[in-house]
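Engineer: Input query.pdb, format and content: PDB, C-alpha atoms.
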MODEL        1
ATOM      1  CA  MET N   1     -27.871 -45.005  67.489  1.00  0.00           C
ATOM      2  CA  GLY N   2     -26.400 -48.376  68.447  1.00  0.00           C
ATOM      3  CA  LYS N   3     -26.481 -49.693  71.992  1.00  0.00           C
ATOM      4  CA  ASN N   4     -22.688 -49.809  72.038  1.00  0.00           C
ATOM      5  CA  LYS N   5     -22.447 -46.074  71.398  1.00  0.00           C
ATOM      6  CA  LEU N   6     -25.073 -45.330  74.008  1.00  0.00           C
ATOM      7  CA  ALA N   7     -23.130 -47.393  76.537  1.00  0.00           C
ATOM      8  CA  LYS N   8     -19.946 -45.482  75.725  1.00  0.00           C
ATOM      9  CA  PHE N   9     -21.700 -42.134  76.105  1.00  0.00           C
ATOM     10  CA  ALA N  10     -23.031 -43.287  79.471  1.00  0.00           C
ATOM     11  CA  ASP N  11     -19.508 -44.255  80.543  1.00  0.00           C
ATOM     12  CA  LEU N  12     -18.137 -40.847  79.560  1.00  0.00           C
ATOM     13  CA  GLU N  13     -20.632 -39.164  81.871  1.00  0.00           C
ATOM     14  CA  THR N  14     -19.060 -41.015  84.809  1.00  0.00           C
ATOM     15  CA  TYR N  15     -15.386 -40.572  83.898  1.00  0.00           C
ATOM     16  CA  PRO N  16     -13.830 -37.884  86.115  1.00  0.00           C
ATOM     17  CA  HIS N  17     -11.242 -36.898  83.493  1.00  0.00           C
ATOM     18  CA  VAL N  18     -13.671 -36.391  80.590  1.00  0.00           C
ATOM     19  CA  PHE N  19     -15.279 -32.993  80.098  1.00  0.00           C
ATOM     20  CA  GLN N  20     -18.210 -32.162  77.856  1.00  0.00           C
ATOM     21  CA  MET N  21     -20.149 -28.959  77.287  1.00  0.00           C
ATOM     22  CA  PRO N  22     -22.966 -28.602  74.754  1.00  0.00           C
ATOM     23  CA  SER N  23     -22.127 -26.210  71.910  1.00  0.00           C
ATOM     24  CA  SER N  24     -25.324 -24.340  72.700  1.00  0.00           C
ATOM     25  CA  GLN N  25     -23.894 -23.405  76.111  1.00  0.00           C
ATOM     26  CA  VAL N  26     -20.650 -22.275  74.510  1.00  0.00           C
ATOM     27  CA  ARG N  27     -22.558 -20.012  72.120  1.00  0.00           C
ATOM     28  CA  GLU N  28     -24.574 -18.648  75.023  1.00  0.00           C
ATOM     29  CA  GLY N  29     -21.340 -17.682  76.768  1.00  0.00           C
ATOM     30  CA  VAL N  30     -21.586 -20.125  79.667  1.00  0.00           C
ATOM     31  CA  ALA N  31     -18.173 -20.136  81.353  1.00  0.00           C
ATOM     32  CA  PHE N  32     -16.196 -23.367  81.385  1.00  0.00           C
ATOM     33  CA  PRO N  33     -15.034 -23.780  85.012  1.00  0.00           C
ATOM     34  CA  LEU N  34     -11.513 -25.060  84.240  1.00  0.00           C
ATOM     35  CA  ARG N  35     -10.609 -22.357  81.710  1.00  0.00           C
ATOM     36  CA  GLY N  36      -7.409 -20.757  82.948  1.00  0.00           C
ATOM     37  CA  CYS N  37      -7.009 -23.152  85.858  1.00  0.00           C
ATOM     38  CA  TRP N  38      -6.612 -26.665  84.408  1.00  0.00           C
ATOM     39  CA  GLY N  39      -3.278 -27.070  86.191  1.00  0.00           C
ATOM     40  CA  ARG N  40      -4.424 -25.818  89.560  1.00  0.00           C
ATOM     41  CA  ASP N  41      -7.914 -27.274  89.776  1.00  0.00           C
ATOM     42  CA  PHE N  42      -7.719 -30.513  87.782  1.00  0.00           C
ATOM     43  CA  PHE N  43      -4.131 -31.712  87.375  1.00  0.00           C
ATOM     44  CA  HIS N  44      -3.055 -30.096  90.666  1.00  0.00           C
ATOM     45  CA  ASN N  45       0.363 -29.098  89.347  1.00  0.00           C
ATOM     46  CA  ASP N  46       1.988 -26.473  87.146  1.00  0.00           C
ATOM     47  CA  HIS N  47       3.294 -28.859  84.497  1.00  0.00           C
ATOM     48  CA  PRO N  48       3.050 -27.877  80.801  1.00  0.00           C
ATOM     49  CA  ILE N  49      -0.277 -28.617  79.120  1.00  0.00           C
ATOM     50  CA  VAL N  50      -0.211 -30.331  75.724  1.00  0.00           C
ATOM     51  CA  LEU N  51      -3.277 -30.675  73.496  1.00  0.00           C
ATOM     52  CA  GLU N  52      -3.995 -33.286  70.850  1.00  0.00           C
ATOM     53  CA  LEU N  53      -6.668 -31.763  68.622  1.00  0.00           C
ATOM     54  CA  GLY N  54      -8.819 -34.243  66.736  1.00  0.00           C
ATOM     55  CA  CYS N  55      -7.473 -36.982  68.984  1.00  0.00           C
ATOM     56  CA  GLY N  56      -9.799 -39.738  67.755  1.00  0.00           C
ATOM     57  CA  LYS N  57      -9.364 -42.739  70.031  1.00  0.00           C
ATOM     58  CA  GLY N  58      -6.715 -40.901  72.034  1.00  0.00           C
ATOM     59  CA  GLU N  59      -3.844 -43.245  71.194  1.00  0.00           C
ATOM     60  CA  TYR N  60      -1.378 -40.394  70.874  1.00  0.00           C
ATOM     61  CA  THR N  61      -2.689 -38.584  73.955  1.00  0.00           C
ATOM     62  CA  VAL N  62      -2.244 -41.681  76.119  1.00  0.00           C
ATOM     63  CA  GLY N  63       1.066 -42.618  74.497  1.00  0.00           C
ATOM     64  CA  LEU N  64       2.570 -39.185  75.066  1.00  0.00           C
ATOM     65  CA  ALA N  65       1.315 -39.096  78.642  1.00  0.00           C
ATOM     66  CA  ARG N  66       3.123 -42.359  79.345  1.00  0.00           C
ATOM     67  CA  LEU N  67       6.355 -41.026  77.845  1.00  0.00           C
ATOM     68  CA  PHE N  68       6.198 -37.699  79.670  1.00  0.00           C
ATOM     69  CA  PRO N  69       4.785 -37.959  83.206  1.00  0.00           C
ATOM     70  CA  GLY N  70       6.021 -34.408  83.821  1.00  0.00           C
ATOM     71  CA  LYS N  71       3.514 -32.976  81.347  1.00  0.00           C
ATOM     72  CA  ASN N  72      -0.282 -32.902  81.250  1.00  0.00           C
ATOM     73  CA  PHE N  73      -2.065 -34.102  78.101  1.00  0.00           C
ATOM     74  CA  ILE N  74      -5.592 -33.332  76.944  1.00  0.00           C
ATOM     75  CA  GLY N  75      -7.162 -35.059  73.951  1.00  0.00           C
ATOM     76  CA  VAL N  76      -9.845 -33.086  72.142  1.00  0.00           C
ATOM     77  CA  ASP N  77     -12.424 -34.507  69.743  1.00  0.00           C
ATOM     78  CA  ILE N  78     -16.092 -33.994  68.930  1.00  0.00           C
ATOM     79  CA  LYS N  79     -16.792 -37.727  68.718  1.00  0.00           C
ATOM     80  CA  GLY N  80     -17.526 -39.165  72.142  1.00  0.00           C
ATOM     81  CA  ALA N  81     -17.492 -42.779  70.972  1.00  0.00           C
ATOM     82  CA  ARG N  82     -13.905 -42.282  69.806  1.00  0.00           C
ATOM     83  CA  ILE N  83     -12.711 -40.523  72.949  1.00  0.00           C
ATOM     84  CA  TRP N  84     -14.094 -43.391  75.029  1.00  0.00           C
ATOM     85  CA  THR N  85     -11.244 -45.723  74.032  1.00  0.00           C
ATOM     86  CA  GLY N  86      -8.417 -43.534  75.327  1.00  0.00           C
ATOM     87  CA  ALA N  87     -10.460 -42.322  78.273  1.00  0.00           C
ATOM     88  CA  LYS N  88     -11.179 -45.862  79.437  1.00  0.00           C
ATOM     89  CA  GLN N  89      -7.583 -46.966  78.941  1.00  0.00           C
ATOM     90  CA  SER N  90      -6.083 -44.032  80.841  1.00  0.00           C
ATOM     91  CA  LEU N  91      -8.622 -44.355  83.658  1.00  0.00           C
ATOM     92  CA  GLU N  92      -7.967 -48.060  84.124  1.00  0.00           C
ATOM     93  CA  SER N  93      -4.217 -47.384  84.080  1.00  0.00           C
ATOM     94  CA  GLY N  94      -4.576 -44.767  86.811  1.00  0.00           C
ATOM     95  CA  MET N  95      -2.938 -42.063  84.717  1.00  0.00           C
ATOM     96  CA  ALA N  96      -3.151 -38.702  86.492  1.00  0.00           C
ATOM     97  CA  ASN N  97      -1.769 -36.576  83.641  1.00  0.00           C
ATOM     98  CA  VAL N  98      -4.473 -37.310  81.054  1.00  0.00           C
ATOM     99  CA  ALA N  99      -7.825 -35.690  80.336  1.00  0.00           C
ATOM    100  CA  PHE N 100     -10.239 -35.594  77.429  1.00  0.00           C
ATOM    101  CA  LEU N 101     -12.439 -32.794  76.183  1.00  0.00           C
ATOM    102  CA  ARG N 102     -15.383 -33.334  73.874  1.00  0.00           C
ATOM    103  CA  THR N 103     -15.976 -30.219  71.791  1.00  0.00           C
ATOM    104  CA  ASP N 104     -15.700 -28.692  68.348  1.00  0.00           C
ATOM    105  CA  ILE N 105     -12.105 -27.537  67.810  1.00  0.00           C
ATOM    106  CA  GLU N 106     -13.398 -24.235  66.441  1.00  0.00           C
ATOM    107  CA  MET N 107     -14.604 -23.510  69.985  1.00  0.00           C
ATOM    108  CA  ILE N 108     -11.362 -24.499  71.698  1.00  0.00           C
ATOM    109  CA  ASN N 109     -10.489 -21.043  73.045  1.00  0.00           C
ATOM    110  CA  HIS N 110     -13.631 -21.214  75.183  1.00  0.00           C
ATOM    111  CA  PHE N 111     -11.896 -23.918  77.233  1.00  0.00           C
ATOM    112  CA  PHE N 112      -8.332 -22.567  77.531  1.00  0.00           C
ATOM    113  CA  ALA N 113      -7.076 -19.149  78.568  1.00  0.00           C
ATOM    114  CA  ALA N 114      -4.156 -17.150  77.173  1.00  0.00           C
ATOM    115  CA  ASP N 115      -0.749 -18.852  77.593  1.00  0.00           C
ATOM    116  CA  GLU N 116      -2.344 -21.914  79.217  1.00  0.00           C
ATOM    117  CA  VAL N 117      -1.169 -24.364  76.537  1.00  0.00           C
ATOM    118  CA  SER N 118       2.462 -25.238  75.759  1.00  0.00           C
ATOM    119  CA  GLU N 119       2.122 -27.491  72.705  1.00  0.00           C
ATOM    120  CA  VAL N 120      -0.433 -28.600  70.139  1.00  0.00           C
ATOM    121  CA  TRP N 121      -0.419 -31.953  68.331  1.00  0.00           C
ATOM    122  CA  LEU N 122      -2.370 -32.462  65.110  1.00  0.00           C
ATOM    123  CA  THR N 123      -2.347 -36.159  64.296  1.00  0.00           C
ATOM    124  CA  PHE N 124      -3.727 -37.148  60.909  1.00  0.00           C
ATOM    125  CA  PRO N 125      -6.408 -34.472  60.598  1.00  0.00           C
ATOM    126  CA  ASP N 126      -8.724 -34.289  57.611  1.00  0.00           C
ATOM    127  CA  PRO N 127      -6.809 -32.240  54.982  1.00  0.00           C
ATOM    128  CA  GLN N 128     -10.014 -30.390  54.044  1.00  0.00           C
ATOM    129  CA  MET N 129      -8.840 -29.987  50.453  1.00  0.00           C
ATOM    130  CA  LYS N 130     -11.906 -28.003  49.413  1.00  0.00           C
ATOM    131  CA  LYS N 131     -11.916 -25.378  52.161  1.00  0.00           C
ATOM    132  CA  ALA N 132      -8.734 -23.829  53.556  1.00  0.00           C
ATOM    133  CA  THR N 133     -10.396 -22.279  56.608  1.00  0.00           C
ATOM    134  CA  LYS N 134     -11.322 -25.758  57.857  1.00  0.00           C
ATOM    135  CA  ARG N 135      -7.731 -27.056  57.801  1.00  0.00           C
ATOM    136  CA  LEU N 136      -6.294 -27.359  61.294  1.00  0.00           C
ATOM    137  CA  THR N 137      -3.036 -25.779  60.066  1.00  0.00           C
ATOM    138  CA  SER N 138      -4.701 -22.838  58.298  1.00  0.00           C
ATOM    139  CA  THR N 139      -4.122 -19.256  59.401  1.00  0.00           C
ATOM    140  CA  ASN N 140      -7.715 -19.350  60.619  1.00  0.00           C
ATOM    141  CA  PHE N 141      -6.647 -21.875  63.260  1.00  0.00           C
ATOM    142  CA  MET N 142      -3.267 -20.244  63.888  1.00  0.00           C
ATOM    143  CA  ARG N 143      -5.210 -17.181  65.093  1.00  0.00           C
ATOM    144  CA  LEU N 144      -7.203 -19.451  67.377  1.00  0.00           C
ATOM    145  CA  TYR N 145      -4.182 -21.323  68.749  1.00  0.00           C
ATOM    146  CA  GLN N 146      -2.339 -18.067  69.375  1.00  0.00           C
ATOM    147  CA  GLN N 147      -5.032 -17.091  71.862  1.00  0.00           C
ATOM    148  CA  MET N 148      -4.143 -19.991  74.165  1.00  0.00           C
ATOM    149  CA  VAL N 149      -0.620 -21.214  73.275  1.00  0.00           C
ATOM    150  CA  LYS N 150       2.372 -19.631  74.993  1.00  0.00           C
ATOM    151  CA  PRO N 151       4.613 -17.508  72.726  1.00  0.00           C
ATOM    152  CA  GLY N 152       7.003 -19.867  70.967  1.00  0.00           C
ATOM    153  CA  GLY N 153       4.885 -22.908  71.866  1.00  0.00           C
ATOM    154  CA  LEU N 154       5.204 -25.869  69.515  1.00  0.00           C
ATOM    155  CA  VAL N 155       2.783 -27.101  66.878  1.00  0.00           C
ATOM    156  CA  HIS N 156       3.299 -30.677  65.637  1.00  0.00           C
ATOM    157  CA  LEU N 157       1.673 -32.120  62.531  1.00  0.00           C
ATOM    158  CA  LYS N 158       1.803 -35.798  61.586  1.00  0.00           C
ATOM    159  CA  THR N 159      -0.036 -36.645  58.400  1.00  0.00           C
ATOM    160  CA  ASP N 160      -0.287 -39.136  55.578  1.00  0.00           C
ATOM    161  CA  SER N 161      -1.561 -36.339  53.311  1.00  0.00           C
ATOM    162  CA  ASN N 162       0.926 -34.863  50.871  1.00  0.00           C
ATOM    163  CA  PHE N 163      -1.600 -32.091  50.197  1.00  0.00           C
ATOM    164  CA  LEU N 164      -1.921 -31.049  53.848  1.00  0.00           C
ATOM    165  CA  PHE N 165       1.809 -31.316  54.496  1.00  0.00           C
ATOM    166  CA  THR N 166       2.651 -29.149  51.467  1.00  0.00           C
ATOM    167  CA  TYR N 167      -0.025 -26.630  52.411  1.00  0.00           C
ATOM    168  CA  THR N 168       1.291 -26.461  55.979  1.00  0.00           C
ATOM    169  CA  CYS N 169       4.871 -25.918  54.814  1.00  0.00           C
ATOM    170  CA  GLU N 170       3.665 -23.069  52.589  1.00  0.00           C
ATOM    171  CA  MET N 171       1.634 -21.555  55.437  1.00  0.00           C
ATOM    172  CA  VAL N 172       4.640 -21.741  57.762  1.00  0.00           C
ATOM    173  CA  LYS N 173       6.875 -20.094  55.152  1.00  0.00           C
ATOM    174  CA  ALA N 174       4.356 -17.355  54.340  1.00  0.00           C
ATOM    175  CA  ASN N 175       4.082 -16.406  58.014  1.00  0.00           C
ATOM    176  CA  GLY N 176       7.730 -16.781  58.973  1.00  0.00           C
ATOM    177  CA  TYR N 177       7.284 -19.433  61.642  1.00  0.00           C
ATOM    178  CA  ARG N 178      10.453 -21.116  62.896  1.00  0.00           C
ATOM    179  CA  VAL N 179      10.673 -24.730  61.737  1.00  0.00           C
ATOM    180  CA  ASN N 180      12.457 -27.176  64.034  1.00  0.00           C
ATOM    181  CA  VAL N 181      11.819 -30.414  62.128  1.00  0.00           C
ATOM    182  CA  SER N 182      10.338 -31.157  58.707  1.00  0.00           C
ATOM    183  CA  THR N 183      10.341 -34.413  56.768  1.00  0.00           C
ATOM    184  CA  ARG N 184       8.233 -36.023  54.061  1.00  0.00           C
ATOM    185  CA  ASP N 185       9.153 -39.557  55.120  1.00  0.00           C
ATOM    186  CA  LEU N 186       9.419 -39.713  58.884  1.00  0.00           C
ATOM    187  CA  TYR N 187      10.295 -43.368  59.309  1.00  0.00           C
ATOM    188  CA  HIS N 188      13.088 -43.233  56.736  1.00  0.00           C
ATOM    189  CA  SER N 189      14.431 -39.858  57.880  1.00  0.00           C
ATOM    190  CA  GLY N 190      16.872 -41.103  60.503  1.00  0.00           C
ATOM    191  CA  ILE N 191      15.132 -39.021  63.167  1.00  0.00           C
ATOM    192  CA  VAL N 192      15.351 -40.849  66.492  1.00  0.00           C
ATOM    193  CA  ASP N 193      12.769 -39.488  68.891  1.00  0.00           C
ATOM    194  CA  PRO N 194      10.520 -41.540  71.198  1.00  0.00           C
ATOM    195  CA  ILE N 195       7.715 -39.009  70.666  1.00  0.00           C
ATOM    196  CA  LEU N 196       7.575 -39.833  66.980  1.00  0.00           C
ATOM    197  CA  SER N 197       7.643 -43.587  67.550  1.00  0.00           C
ATOM    198  CA  ILE N 198       3.984 -43.674  68.636  1.00  0.00           C
ATOM    199  CA  ARG N 199       1.915 -45.108  65.798  1.00  0.00           C
ATOM    200  CA  THR N 200      -1.852 -45.042  65.777  1.00  0.00           C
ATOM    201  CA  TYR N 201      -4.055 -47.759  64.323  1.00  0.00           C
ATOM    202  CA  TYR N 202      -4.759 -45.847  61.108  1.00  0.00           C
ATOM    203  CA  GLU N 203      -1.138 -44.746  60.797  1.00  0.00           C
ATOM    204  CA  GLN N 204      -0.128 -48.404  60.730  1.00  0.00           C
ATOM    205  CA  GLN N 205      -2.668 -49.007  57.983  1.00  0.00           C
ATOM    206  CA  TRP N 206      -1.270 -46.228  55.822  1.00  0.00           C
ATOM    207  CA  LEU N 207       2.285 -47.404  56.365  1.00  0.00           C
ATOM    208  CA  SER N 208       1.305 -50.930  55.361  1.00  0.00           C
ATOM    209  CA  ARG N 209       0.000 -49.500  52.093  1.00  0.00           C
ATOM    210  CA  GLY N 210       3.258 -47.709  51.371  1.00  0.00           C
ATOM    211  CA  ILE N 211       2.066 -44.208  52.231  1.00  0.00           C
ATOM    212  CA  PRO N 212       4.940 -42.265  53.846  1.00  0.00           C
ATOM    213  CA  ILE N 213       4.217 -40.312  57.007  1.00  0.00           C
ATOM    214  CA  LYS N 214       5.050 -36.609  56.970  1.00  0.00           C
ATOM    215  CA  TYR N 215       5.960 -34.572  60.046  1.00  0.00           C
ATOM    216  CA  ILE N 216       6.612 -30.911  60.747  1.00  0.00           C
ATOM    217  CA  GLN N 217       7.237 -29.131  64.027  1.00  0.00           C
ATOM    218  CA  PHE N 218       7.231 -25.341  64.193  1.00  0.00           C
ATOM    219  CA  ALA N 219       7.152 -22.611  66.836  1.00  0.00           C
ATOM    220  CA  LEU N 220       4.003 -20.530  67.172  1.00  0.00           C
ATOM    221  CA  ASP N 221       5.573 -17.105  67.545  1.00  0.00           C
ATOM    222  CA  PRO N 222       2.926 -14.372  67.983  1.00  0.00           C
ATOM    223  CA  ARG N 223       1.660 -12.577  64.871  1.00  0.00           C
ATOM    224  CA  ASP N 224      -0.435  -9.438  64.478  1.00  0.00           C
ATOM    225  CA  ALA N 225      -1.371 -10.374  60.926  1.00  0.00           C
ATOM    226  CA  PHE N 226      -1.499 -13.649  59.034  1.00  0.00           C
ATOM    227  CA  THR N 227      -0.857 -14.490  55.402  1.00  0.00           C
ATOM    228  CA  GLU N 228      -2.774 -17.341  53.819  1.00  0.00           C
ATOM    229  CA  PRO N 229      -0.554 -19.066  51.205  1.00  0.00           C
ATOM    230  CA  ASP N 230      -1.607 -18.508  47.602  1.00  0.00           C
ATOM    231  CA  VAL N 231      -0.310 -21.633  45.888  1.00  0.00           C
ATOM    232  CA  GLU N 232      -1.707 -24.441  43.780  1.00  0.00           C
ATOM    233  CA  ILE N 233      -1.233 -27.822  45.458  1.00  0.00           C
ATOM    234  CA  GLU N 234      -1.882 -31.178  43.852  1.00  0.00           C
ATOM    235  CA  LYS N 235      -4.697 -32.937  45.643  1.00  0.00           C
ATOM    236  CA  ASP N 236      -4.430 -36.376  47.253  1.00  0.00           C
ATOM    237  CA  THR N 237      -6.269 -38.521  44.729  1.00  0.00           C
ATOM    238  CA  TYR N 238      -6.221 -41.559  47.014  1.00  0.00           C
ATOM    239  CA  ARG N 239      -8.462 -39.742  49.488  1.00  0.00           C
ATOM    240  CA  SER N 240     -11.393 -40.342  47.179  1.00  0.00           C
ATOM    241  CA  PHE N 241     -11.216 -43.988  48.260  1.00  0.00           C
ATOM    242  CA  GLY N 242     -12.569 -45.426  51.474  1.00  0.00           C
ATOM    243  CA  ARG N 243     -10.194 -45.440  54.420  1.00  0.00           C
ATOM    244  CA  ASN N 244      -9.677 -49.181  54.194  1.00  0.00           C
ATOM    245  CA  GLN N 245      -8.940 -48.982  50.457  1.00  0.00           C
ATOM    246  CA  ARG N 246      -6.349 -46.210  50.408  1.00  0.00           C
ATOM    247  CA  SER N 247      -3.375 -46.971  48.240  1.00  0.00           C
ATOM    248  CA  ILE N 248      -0.721 -45.061  46.343  1.00  0.00           C
ATOM    249  CA  SER N 249      -0.233 -47.800  43.753  1.00  0.00           C
ATOM    250  CA  HIS N 250      -2.310 -45.909  41.184  1.00  0.00           C
ATOM    251  CA  LYS N 251      -0.498 -42.589  41.593  1.00  0.00           C
ATOM    252  CA  PRO N 252       2.636 -41.893  43.628  1.00  0.00           C
ATOM    253  CA  LEU N 253       2.679 -38.977  46.034  1.00  0.00           C
TER     254      LEU N 253
ENDMDL
END
Turn this file's structure into C-alpha cells for me.

Structural biologist:
Amino acid sequence: MGKNKLAKFADLETYPHVFQMPSSQVREGVAFPLRGCWGRDFFHNDHPIVLELGCGKGEYTVGLARLFPGKNFIGVDIKGARIWTGAKQSLESGMANVAFLRTDIEMINHFFAADEVSEVWLTFPDPQMKKATKRLTSTNFMRLYQQMVKPGGLVHLKTDSNFLFTYTCEMVKANGYRVNVSTRDLYHSGIVDPILSIRTYYEQQWLSRGIPIKYIQFALDPRDAFTEPDVEIEKDTYRSFGRNQRSISHKPL
C-alpha cells in the first residue's frame, strides 16, 4: 500500500465526521451508536437525511450539501482513499451538514433505522451487467433501502450506462414505482434544476467523449413483494475498455 493511501487512512481516523466500522463487527452484531439518531446525536437537528451510495470522492455529497443547507448529507463508500477527498474538503469548509460513512452498501441497514433516510442518490454506480443482485437499483437493494427510507422517499440515479438505465426503468415499471423524472440525455433535456447541474470528475470525462448522461427519479413506495424484471438488455460494449478510454465512437448507445 502506498504512503499516500496510508496518510489518507490516518487522516480519516481523526476526522470527526467520518465513521468506519469493520465488517467483522457488523457481522457480529455490534451496534452502530448513531443508528436511529443521526439527526439528534450528530447533526443536532431534525433535517432530512440524504444518502449518496457509492459516493467515490464525495463530489456530489459535498455539492448537494452546499446547495441545501437545510438537509443533512452522508456519503457512503467502501474505499477510504476516495472518501478522503470529500471529507477533507467539507471539513476545511466548516460544513456542518456533511458526513461520510465507510462501509459495504450491502450492510447499510446496520447504520440507519427505519424511516431515518429521506432520499438516496446513486451516482454512476457500476452497472454490474453480469449479476443483477449486485446492481444498486435491483430489487435486492430496493428491499434494503425500504428498511431505512421513509415511505415515498426519493431514489435518484445518474448514470452513463445505457444498460443500467434501461434495467432501472424496467425494474421501476415492473414494481409500479412512481416516476417523477426520466431522461436518456439529461443535459439536452431542457430540465433546469440546480441539483442536476453538479458534475463529477468522471461525469465530465464521459460527456467529453459524447456519452449522454441518463437520469431517473422515482418514489420508493413500500412493497410487500418485489418483481425482478425479466428482459433482455443490450450490454454496454464500451465498458470493456479502461475508464480513460471509454468512447461510443465504435458503437452508438

Engineer: If you apply the PyMOL selection byres ((chain N and resi 11-16) around 12) to this file, what residues do you get, as JSON, numbers by chain?

Structural biologist: {"N": [4, 5, 6, 7, 8, 9, 10, 17, 18, 19, 20, 21, 42, 43, 79, 80, 81, 82, 83, 84, 85, 86, 87, 88, 89, 90, 91, 92, 94, 95, 96, 98, 99, 100, 101, 102]}

Engineer: Box along x, y and z, 5 Å on every side, all listed atoms of segment 43-48 of chain N inside: centre and edge lengths in Å to one decimal, as lines of an AutoDock Vina configuration file.

Structural biologist:
center_x = -0.4
center_y = -29.1
center_z = 85.7
size_x = 17.4
size_y = 15.2
size_z = 19.9

Engineer: In Å, rounded to a single decimal, give me how far atom CA of Arg178 of chain N is from atom CA of Val76 of chain N.

Structural biologist: 25.3 Å

Engineer: Once the PyMOL selection byres ((chain N and resi 186) around 12) has been applied to the shown file, what residues remain in the selection, as a PyMOL selection string?

Structural biologist: chain N and resi 157-160+181-185+187-193+195-199+203+207+211-217

Engineer: Pick out the closest residue to Gly152 of chain N from this set: N:Lys131, N:Arg223, N:Lys173, N:His110. Count only C-alpha atoms.

Structural biologist: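 Closest to Gly152 of chain N of all the choices is N:Arg223.
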
Engineer: Calculate how many Å separate atom CA of Glu228 of chain N from atom CA of Val155 of chain N, rounding to one decimal.

Structural biologist: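 Going from atom CA of Glu228 of chain N over to atom CA of Val155 of chain N, I get 17.2 Å.
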
Engineer: The PyMOL selection byres ((chain N and resi 113) around 7) on the file shown: which residues, as a CSV table (one decimal) with C-alpha atoms, in the coordinates of the input?

Structural biologist:
chain,number,residue,atom,x,y,z
N,35,ARG,CA,-10.6,-22.4,81.7
N,36,GLY,CA,-7.4,-20.8,82.9
N,109,ASN,CA,-10.5,-21.0,73.0
N,111,PHE,CA,-11.9,-23.9,77.2
N,112,PHE,CA,-8.3,-22.6,77.5
N,114,ALA,CA,-4.2,-17.2,77.2
N,115,ASP,CA,-0.7,-18.9,77.6
N,116,GLU,CA,-2.3,-21.9,79.2
N,148,MET,CA,-4.1,-20.0,74.2

Engineer: Which is closest to Ser161 of chain N among N:Pro194, N:Pro125, N:Gly176, N:Pro229, if we use all atoms listed in the file?

Structural biologist: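 Checking each of N:Pro194, N:Pro125, N:Gly176, N:Pro229 against Ser161 of chain N, counting all atoms listed in the file, the winner is N:Pro125.
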
Engineer: Restricting the calculation to all atoms listed in the file, which member of N:Tyr238, N:Tyr167, N:Tyr145, N:Phe32 is positioned closest to Pro222 of chain N?

Structural biologist: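 The shortest atom-to-atom distance to Pro222 of chain N comes from N:Tyr145.
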
Engineer: Hey, which of N:Tyr60, N:Trp121, N:Trp38, N:Phe226 ends up closest to Arg143 of chain N? Count only C-alpha atoms.

Structural biologist: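 For Arg143 of chain N, the nearest of the candidates is N:Phe226.
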
Engineer: Tell me, as a PyMOL selection string, which residues lie within 10 Å of Leu220 of chain N, counting all atoms listed in the file; anything in the same chain fewer than 5 positions away does not count.

Structural biologist: chain N and resi 118-120+142+145-146+149-155+172+176-179

Engineer: When you draw a straight line from atom CA of Glu52 of chain N to atom CA of Leu122 of chain N, how long is it in Å?

Structural biologist: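 So the answer is 6.0 Å.
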
Engineer: Closest to Ile108 of chain N among N:Ser208, N:Thr61, N:Gln147, N:Ser93, using all atoms listed in the file?

Structural biologist: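 Looking only at the distances to Ile108 of chain N, the closest residue turns out to be N:Gln147.
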
Engineer: Which residue, N:Leu51, N:Val62, N:Leu164, N:Leu34, has the smallest gap to Ile105 of chain N when you use all atoms listed in the file?

Structural biologist: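 Answer, going by the shortest atom-to-atom distance: N:Leu51.
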